[in-house]
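Since the structure comes first, as structure tokens, the remarks are kept for the end.
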Amino acid sequence: MDLQAVAFYVLAAMLVVSALAVVLIPNVFRAGLFLVLAFFAVAGLFITLGADFLGAVQILVYVGAIGVLLLLAIMLTRDVHHGSPGNRLWLPASVLGALLLGAVSWSLLNTTWADKAAEMPVPATAALGASVFDLQNGFILPLEIGALALLAVVIGAIVLVGEKK
Amino acid sequence: MDYWAGYGSIALFLLVALIFGLITIILPKVLKLLGLVVRKPNAVKYTTYECGMETIGPSWVQFNFRYYIFALLFLVFDVLVVFLYPWAVSLRGGGWAAFTAMAVFIAVLLTGFLYAWKKGALEWR
Amino acid sequence: MSVGLEQYLLLSAVLFTIGLVGALSKRNAIIVLMCIEIMLNAVNLTLVAFYRYGGLDITGMVFALFVMLVAAAEVALGLAIVFSLYRSRETVDLAEMDMMKW
């Protein structure tokens with residue numbers, strides 16, 4: 001059992017347990033904290049996959065910004081004592097989820113993957129930047145569209161949340 | 001195998017942190033079981049402050065929604081930094097196209113920041 | 001017991017299912033947004049796994065990066081809408097947001 005397998009199984013157990021806790025725990029604030037734990041586990045899994053830059057970005061964006069935003073939202077809305085109840089759809093949703101999981105895992109276990117497992121890659125940050133900012137087949141236009149999406153978010157949030165004059 | 005060498009120390013650090021946290025939780029309970037510490041609760045010990053005002057109402061107060069705008073602007077510039085890092089590493093090969101792309105990206109996000117500024121969302125009243 | 005592409009994909013499928021069931025069956029709007037974040041994380045895991053085991057094609061990582069950008073925008077605007085509803089209805093319970101039902 002090599003090092004990657006040990007890291008993978010520890011992180012996978014942590015991830016599944018904390019994701020289940022997000023859904024099942026009645027206390028909303030604790031669910032948010034478990035969500036942050038799940039983000040950490042995903043960052044660790046990125047590192048086991050050789051995507052160390054993406055692991056760092058995961059901690060920076062998800063744990064540092066999105067986790068803080070969600071916990072702040074829980075504290076702002078003061079609805080903690082209501083807990084997180086389920087709605088009438090929980091049974092059909094569970095059946096649908098089980099069907100989806102069965103179908104996906106059946107199909108992925110019955111596919112022969114072209115498993116091109118290379119040796120552990122070198123840090124790919126420079127290659128990532130070169131790929132995003134390449135003029136011919138890079139991702140410059142999606143990047144600017146993303147910037148516009150973030151601009152729309154800032155303006156929309158200020159209009160929705162800002163003080164009513 | 002040298003890819004993993006740098007992460008061994010991080011794993012060790014996490015392990016030590018986990019053990020330290022567990023020990024600080026478990027140790028008082030063990031000491032109580034052994035009878036080394038005594039537990040004699042009374043009403044005064046359980047008050048919030050031994051001197052000063054008694055607290056009124058629940059501690060879950062309404063925060064100002066203004067905090068959200070600050071968190072949001074932090075998020076936006078966090079995402080900007082995420083794209084700035086690979087851009088800076090690969091700028092030598094990218095040339096003016098990469099530079100212009102990032103300049104436009106920053107300009108668009110700065111527009112949002114200036115809008116928030118103009119709207120007075122950053123002022124603390 | 002070595003780890004390959006299939007283990008990562010199975011883990012990601014389990015994670016996506018947990019998020020999907022949570023998003024469909026919860027009434028607290030913030031919990032629903034959290035479950036959507038879990039689903040997006042599952043997708044990111046798949047993309048990075050295909051990057052690693054699909055011949056180190058860097059596009060998988062680029063896609064994961066853009067998914068993170070869109071996830072950040074989505075959760076920020078979603079929470080702003082939740083706040084706006086909370087101001088007028090004093091609740092984040094999705095079952096009570098029925099003004100446009102008929």
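Residue numbering restarts at 1 in every chain; chains get A, B, ... in the order shown in the structure tokens, and ligands count up from 1 in that same order.
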
**Prompt:** What residues in chain C lie within 12 Å of chain B, counting only C-alpha atoms, written as a list in words?
**Reply:** Met61, Val62, Leu65, Phe66, Val67, Met68, Leu69, Val70, Ala71, Ala72, Ala73, Glu74, Val75, Ala76, Leu77, Gly78, Leu79, Ala80, Val82, Phe83, Ser84, Tyr86, Arg87 and Glu90 of chain C

**Request:** Skip stretch 44-50 of chain C itself and residues of its chain fewer than 2 positions away, then list as a PyMOL selection string all residues within 8 Å of it, counting only C-alpha atoms.
**Result:** (chain A and resi 42+45-46+49+51) or (chain C and resi 5+8-9+12+40-42+52-54+60-61+63-64+67)

Could those selected residues go to a file with N, CA and C atoms, as a PDB file, in the first residue's frame?
```pdb
ATOM      1  N   VAL A  42     -10.980  18.003   0.315  1.00  0.00           N
ATOM      2  CA  VAL A  42     -10.864  18.067  -1.144  1.00  0.00           C
ATOM      3  C   VAL A  42      -9.521  18.676  -1.536  1.00  0.00           C
ATOM      4  N   LEU A  45      -7.049  15.999  -1.348  1.00  0.00           N
ATOM      5  CA  LEU A  45      -7.176  15.065  -2.480  1.00  0.00           C
ATOM      6  C   LEU A  45      -6.556  15.656  -3.741  1.00  0.00           C
ATOM      7  N   PHE A  46      -6.708  16.980  -3.941  1.00  0.00           N
ATOM      8  CA  PHE A  46      -6.056  17.622  -5.088  1.00  0.00           C
ATOM      9  C   PHE A  46      -4.548  17.425  -5.008  1.00  0.00           C
ATOM     10  N   LEU A  49      -3.419  14.173  -6.080  1.00  0.00           N
ATOM     11  CA  LEU A  49      -3.503  14.025  -7.535  1.00  0.00           C
ATOM     12  C   LEU A  49      -2.407  14.801  -8.247  1.00  0.00           C
ATOM     13  N   ALA A  51      -1.975  18.026  -8.142  1.00  0.00           N
ATOM     14  CA  ALA A  51      -2.388  19.392  -8.475  1.00  0.00           C
ATOM     15  C   ALA A  51      -2.193  20.264  -7.244  1.00  0.00           C
TER      16      ALA A  51
ATOM     17  N   LEU C   5      -7.825   5.756 -11.164  1.00  0.00           N
ATOM     18  CA  LEU C   5      -8.873   6.678 -11.599  1.00  0.00           C
ATOM     19  C   LEU C   5     -10.239   6.294 -11.039  1.00  0.00           C
ATOM     20  N   TYR C   8     -11.126   7.498  -7.482  1.00  0.00           N
ATOM     21  CA  TYR C   8     -11.432   8.930  -7.423  1.00  0.00           C
ATOM     22  C   TYR C   8     -12.818   9.213  -8.001  1.00  0.00           C
ATOM     23  N   LEU C   9     -13.142   8.532  -9.109  1.00  0.00           N
ATOM     24  CA  LEU C   9     -14.442   8.787  -9.726  1.00  0.00           C
ATOM     25  C   LEU C   9     -15.570   8.303  -8.825  1.00  0.00           C
ATOM     26  N   SER C  12     -16.034  10.732  -6.056  1.00  0.00           N
ATOM     27  CA  SER C  12     -16.679  11.935  -6.550  1.00  0.00           C
ATOM     28  C   SER C  12     -18.163  11.706  -6.814  1.00  0.00           C
ATOM     29  N   LEU C  40     -20.357  20.996  -6.616  1.00  0.00           N
ATOM     30  CA  LEU C  40     -19.322  21.595  -7.470  1.00  0.00           C
ATOM     31  C   LEU C  40     -17.944  21.056  -7.122  1.00  0.00           C
ATOM     32  N   ASN C  41     -17.713  20.797  -5.828  1.00  0.00           N
ATOM     33  CA  ASN C  41     -16.437  20.214  -5.423  1.00  0.00           C
ATOM     34  C   ASN C  41     -16.271  18.820  -5.998  1.00  0.00           C
ATOM     35  N   ALA C  42     -17.368  18.050  -6.046  1.00  0.00           N
ATOM     36  CA  ALA C  42     -17.299  16.704  -6.617  1.00  0.00           C
ATOM     37  C   ALA C  42     -16.896  16.778  -8.090  1.00  0.00           C
ATOM     38  N   ARG C  52      -5.016  14.022 -13.965  1.00  0.00           N
ATOM     39  CA  ARG C  52      -3.910  13.199 -13.482  1.00  0.00           C
ATOM     40  C   ARG C  52      -3.802  11.893 -14.277  1.00  0.00           C
ATOM     41  N   TYR C  53      -4.953  11.258 -14.520  1.00  0.00           N
ATOM     42  CA  TYR C  53      -4.910   9.928 -15.139  1.00  0.00           C
ATOM     43  C   TYR C  53      -5.222   9.960 -16.623  1.00  0.00           C
ATOM     44  N   GLY C  54      -5.393  11.132 -17.203  1.00  0.00           N
ATOM     45  CA  GLY C  54      -5.691  11.223 -18.624  1.00  0.00           C
ATOM     46  C   GLY C  54      -4.516  11.788 -19.399  1.00  0.00           C
ATOM     47  N   GLY C  60      -7.818  20.089 -17.832  1.00  0.00           N
ATOM     48  CA  GLY C  60      -8.628  19.686 -16.689  1.00  0.00           C
ATOM     49  C   GLY C  60      -8.456  20.636 -15.522  1.00  0.00           C
ATOM     50  N   MET C  61      -7.218  21.042 -15.284  1.00  0.00           N
ATOM     51  CA  MET C  61      -6.989  21.964 -14.179  1.00  0.00           C
ATOM     52  C   MET C  61      -7.539  23.350 -14.487  1.00  0.00           C
ATOM     53  N   PHE C  63     -10.167  24.007 -16.260  1.00  0.00           N
ATOM     54  CA  PHE C  63     -11.620  23.941 -16.044  1.00  0.00           C
ATOM     55  C   PHE C  63     -11.948  24.012 -14.559  1.00  0.00           C
ATOM     56  N   ALA C  64     -11.160  23.286 -13.750  1.00  0.00           N
ATOM     57  CA  ALA C  64     -11.414  23.305 -12.307  1.00  0.00           C
ATOM     58  C   ALA C  64     -11.266  24.721 -11.761  1.00  0.00           C
ATOM     59  N   VAL C  67     -14.330  26.602 -12.688  1.00  0.00           N
ATOM     60  CA  VAL C  67     -15.454  26.181 -11.850  1.00  0.00           C
ATOM     61  C   VAL C  67     -15.399  26.891 -10.508  1.00  0.00           C
TER      62      VAL C  67
END
```

Kindly assemble as JSON lines a list of the chain A residues that lie within 6 Å of chain B, each paired with its nearest atom pair and their distance in Å to one decimal, using only C-alpha atoms, sorted first by chain and then by ascending residue number.
```
{"residue": "A:Ala65", "atom": "CA", "partner": "B:Leu75", "partner_atom": "CA", "distance": 5.3}
{"residue": "A:Leu76", "atom": "CA", "partner": "B:Phe63", "partner_atom": "CA", "distance": 5.4}
{"residue": "A:Thr125", "atom": "CA", "partner": "B:Pro86", "partner_atom": "CA", "distance": 5.5}
{"residue": "A:Ala126", "atom": "CA", "partner": "B:Ser90", "partner_atom": "CA", "distance": 5.1}
{"residue": "A:Gly129", "atom": "CA", "partner": "B:Pro86", "partner_atom": "CA", "distance": 4.3}
{"residue": "A:Ala130", "atom": "CA", "partner": "B:Ser90", "partner_atom": "CA", "distance": 5.5}
{"residue": "A:Phe133", "atom": "CA", "partner": "B:Ala98", "partner_atom": "CA", "distance": 5.2}
{"residue": "A:Glu144", "atom": "CA", "partner": "B:Phe105", "partner_atom": "CA", "distance": 5.8}
{"residue": "A:Ala147", "atom": "CA", "partner": "B:Phe105", "partner_atom": "CA", "distance": 5.8}
{"residue": "A:Leu151", "atom": "CA", "partner": "B:Gly112", "partner_atom": "CA", "distance": 5.2}
{"residue": "A:Val154", "atom": "CA", "partner": "B:Gly112", "partner_atom": "CA", "distance": 5.9}
```

Go ahead and write the selection's residues with N, CA and C atoms as a PDB file, in the first residue's frame.
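The result, written out as result00.pdb:
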```
ATOM      1  N   ALA A  65     -12.594  32.090   1.571  1.00  0.00           N
ATOM      2  CA  ALA A  65     -13.610  33.060   1.173  1.00  0.00           C
ATOM      3  C   ALA A  65     -15.022  32.492   1.231  1.00  0.00           C
ATOM      4  N   LEU A  76     -25.738  36.001  10.043  1.00  0.00           N
ATOM      5  CA  LEU A  76     -26.556  37.165   9.703  1.00  0.00           C
ATOM      6  C   LEU A  76     -28.040  36.851   9.738  1.00  0.00           C
ATOM      7  N   THR A 125       2.104  25.029 -12.164  1.00  0.00           N
ATOM      8  CA  THR A 125       1.554  26.380 -12.133  1.00  0.00           C
ATOM      9  C   THR A 125       1.897  27.163 -13.393  1.00  0.00           C
ATOM     10  N   ALA A 126       3.171  27.060 -13.828  1.00  0.00           N
ATOM     11  CA  ALA A 126       3.580  27.814 -15.018  1.00  0.00           C
ATOM     12  C   ALA A 126       2.831  27.307 -16.250  1.00  0.00           C
ATOM     13  N   GLY A 129      -0.685  28.679 -16.187  1.00  0.00           N
ATOM     14  CA  GLY A 129      -0.754  30.065 -16.639  1.00  0.00           C
ATOM     15  C   GLY A 129      -0.584  30.169 -18.141  1.00  0.00           C
ATOM     16  N   ALA A 130       0.376  29.411 -18.675  1.00  0.00           N
ATOM     17  CA  ALA A 130       0.610  29.452 -20.117  1.00  0.00           C
ATOM     18  C   ALA A 130      -0.613  28.963 -20.874  1.00  0.00           C
ATOM     19  N   PHE A 133      -3.496  31.803 -20.582  1.00  0.00           N
ATOM     20  CA  PHE A 133      -3.242  33.076 -21.258  1.00  0.00           C
ATOM     21  C   PHE A 133      -2.648  32.894 -22.651  1.00  0.00           C
ATOM     22  N   GLU A 144     -12.371  36.846 -19.137  1.00  0.00           N
ATOM     23  CA  GLU A 144     -13.020  38.163 -19.071  1.00  0.00           C
ATOM     24  C   GLU A 144     -14.503  38.026 -18.766  1.00  0.00           C
ATOM     25  N   ALA A 147     -14.732  37.697 -15.184  1.00  0.00           N
ATOM     26  CA  ALA A 147     -14.585  39.002 -14.535  1.00  0.00           C
ATOM     27  C   ALA A 147     -15.906  39.755 -14.565  1.00  0.00           C
ATOM     28  N   LEU A 151     -18.180  41.128 -11.524  1.00  0.00           N
ATOM     29  CA  LEU A 151     -18.658  42.516 -11.467  1.00  0.00           C
ATOM     30  C   LEU A 151     -20.164  42.552 -11.241  1.00  0.00           C
ATOM     31  N   VAL A 154     -20.921  41.810  -7.650  1.00  0.00           N
ATOM     32  CA  VAL A 154     -20.694  42.930  -6.727  1.00  0.00           C
ATOM     33  C   VAL A 154     -21.841  43.930  -6.822  1.00  0.00           C
TER      34      VAL A 154
END
```

**Prompt:** Could you pull out all residues of stretch 3-94 of chain A with a DSSP call of helix (DSSP H, G or I) and give them as an MDAnalysis selection string?
**Reply:** chainID A and resid 3:24 28:48 52:77 80:82 90:94

Restricting the output to C-alpha atoms, write the selected residues as a compact mmCIF listing (two decimals), in the first residue's frame.
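New file part21.txt:
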```
# COMPACT_ATOMS: atom_id res chain seq x y z
CA LEU A 3 1.69 6.60 0.25
CA GLN A 4 -0.91 7.95 -2.17
CA ALA A 5 -3.34 5.16 -1.27
CA VAL A 6 -3.02 5.84 2.47
CA ALA A 7 -3.55 9.58 1.95
CA PHE A 8 -6.45 8.91 -0.42
CA TYR A 9 -8.36 6.61 1.92
CA VAL A 10 -7.88 8.82 4.98
CA LEU A 11 -8.99 11.94 3.08
CA ALA A 12 -11.86 10.13 1.37
CA ALA A 13 -13.24 8.90 4.71
CA MET A 14 -12.91 12.42 6.13
CA LEU A 15 -14.62 13.90 3.07
CA VAL A 16 -17.59 11.51 3.01
CA VAL A 17 -18.18 11.77 6.76
CA SER A 18 -18.09 15.57 6.76
CA ALA A 19 -20.28 15.82 3.64
CA LEU A 20 -22.83 13.53 5.27
CA ALA A 21 -22.62 15.65 8.41
CA VAL A 22 -23.45 18.78 6.37
CA VAL A 23 -26.66 17.13 5.20
CA LEU A 24 -27.65 15.30 8.38
CA VAL A 28 -26.84 24.86 10.81
CA PHE A 29 -23.66 26.44 12.16
CA ARG A 30 -22.02 23.05 12.81
CA ALA A 31 -23.04 21.97 9.31
CA GLY A 32 -21.13 25.01 8.01
CA LEU A 33 -18.05 24.03 10.00
CA PHE A 34 -18.23 20.49 8.60
CA LEU A 35 -18.47 21.99 5.12
CA VAL A 36 -15.15 23.77 5.76
CA LEU A 37 -13.67 20.41 6.84
CA ALA A 38 -14.92 18.87 3.59
CA PHE A 39 -13.23 21.68 1.62
CA PHE A 40 -9.95 20.90 3.41
CA ALA A 41 -10.30 17.21 2.52
CA VAL A 42 -10.86 18.07 -1.14
CA ALA A 43 -7.73 20.25 -1.05
CA GLY A 44 -5.79 17.28 0.29
CA LEU A 45 -7.18 15.06 -2.48
CA PHE A 46 -6.06 17.62 -5.09
CA ILE A 47 -2.56 17.37 -3.63
CA THR A 48 -2.62 13.56 -3.86
CA ASP A 52 -0.66 21.24 -5.66
CA PHE A 53 -1.50 24.70 -6.97
CA LEU A 54 -5.16 23.77 -7.15
CA GLY A 55 -5.00 22.47 -3.57
CA ALA A 56 -3.66 25.82 -2.41
CA VAL A 57 -6.33 27.63 -4.44
CA GLN A 58 -8.99 25.38 -2.91
CA ILE A 59 -7.91 26.44 0.58
CA LEU A 60 -7.62 30.09 -0.49
CA VAL A 61 -10.98 30.38 -2.27
CA TYR A 62 -13.21 27.74 -0.67
CA VAL A 63 -11.98 27.71 2.92
CA GLY A 64 -10.82 31.31 3.03
CA ALA A 65 -13.61 33.06 1.17
CA ILE A 66 -16.63 30.85 0.51
CA GLY A 67 -16.52 29.16 3.92
CA VAL A 68 -16.28 32.53 5.65
CA LEU A 69 -19.11 33.90 3.50
CA LEU A 70 -21.41 30.97 4.33
CA LEU A 71 -20.68 31.09 8.07
CA LEU A 72 -21.25 34.86 8.00
CA ALA A 73 -24.55 34.25 6.24
CA ILE A 74 -25.63 31.80 8.94
CA MET A 75 -24.81 34.36 11.61
CA LEU A 76 -26.56 37.17 9.70
CA THR A 77 -29.85 35.37 9.23
CA VAL A 80 -30.25 28.77 13.61
CA HIS A 81 -32.87 27.66 16.10
CA HIS A 82 -35.06 26.43 13.24
CA TRP A 90 -36.75 13.79 1.03
CA LEU A 91 -37.90 10.28 0.14
CA PRO A 92 -38.08 10.77 -3.66
CA ALA A 93 -34.83 12.74 -3.48
CA SER A 94 -33.09 9.87 -1.68
```

**Request:** Mind giving me the straight-line distance from atom CA of B:Leu31 to atom CA of B:Tyr49 in Å, one decimal?
**Result:**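 One can read the atom CA of B:Leu31 to atom CA of B:Tyr49 distance as 26.4 Å.
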
**Message:** Please list as a PyMOL selection string every residue within 8 Å of A:Gly86, counting only C-alpha atoms and excluding residues in the same chain fewer than 4 positions away.
**Reply:** (chain A and resi 90) or (chain C and resi 25-27)

Using only N, CA and C atoms, please write the residues we just selected to a file, as a PDB file, in the first residue's frame.
```
ATOM      1  N   TRP A  90     -37.996  14.472   0.663  1.00  0.00           N
ATOM      2  CA  TRP A  90     -36.751  13.792   1.031  1.00  0.00           C
ATOM      3  C   TRP A  90     -36.743  12.355   0.570  1.00  0.00           C
TER       4      TRP A  90
ATOM      5  N   SER C  25     -33.581  18.063  -0.781  1.00  0.00           N
ATOM      6  CA  SER C  25     -34.474  17.721   0.322  1.00  0.00           C
ATOM      7  C   SER C  25     -34.345  18.639   1.530  1.00  0.00           C
ATOM      8  N   LYS C  26     -33.607  19.743   1.421  1.00  0.00           N
ATOM      9  CA  LYS C  26     -33.478  20.603   2.592  1.00  0.00           C
ATOM     10  C   LYS C  26     -34.334  21.853   2.424  1.00  0.00           C
ATOM     11  N   ARG C  27     -34.763  22.406   3.548  1.00  0.00           N
ATOM     12  CA  ARG C  27     -35.622  23.588   3.482  1.00  0.00           C
ATOM     13  C   ARG C  27     -34.884  24.871   3.824  1.00  0.00           C
TER      14      ARG C  27
END
```

**Item:** Residue nearest C:Asp93 among A:Gly156, A:Ser84, A:Val104, A:Gly146 (counting only C-alpha atoms)
**Value:**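 Looking at the shortest contact to C:Asp93, the residue is A:Ser84.
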
**Asked** Which residue, A:Val95, A:Thr111, A:Val153, A:Pro123, has the smallest gap to chain C when you use only C-alpha atoms?
**Response**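 Of A:Val95, A:Thr111, A:Val153, A:Pro123, the one nearest chain C is A:Val153, counting only C-alpha atoms.
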
**Prompt:** Could you work out how far atom CA of A:Thr112 lies from atom CA of C:Ala13, giving the answer in Å with one decimal?
**Reply:**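 So the answer is 17.3 Å.
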
**Prompt:** With only C-alpha atoms as the atoms that count, which of C:Leu85, C:Ile31, C:Leu94, C:Gly55 lies nearest to A:Asn27?
**Reply:** C:Ile31

**Message:** Between atom CA of A:Gly162 and atom CA of C:Met100, what distance in Å does the model show, to one decimal?
**Reply:**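 Going from atom CA of A:Gly162 over to atom CA of C:Met100 covers 24.2 Å.
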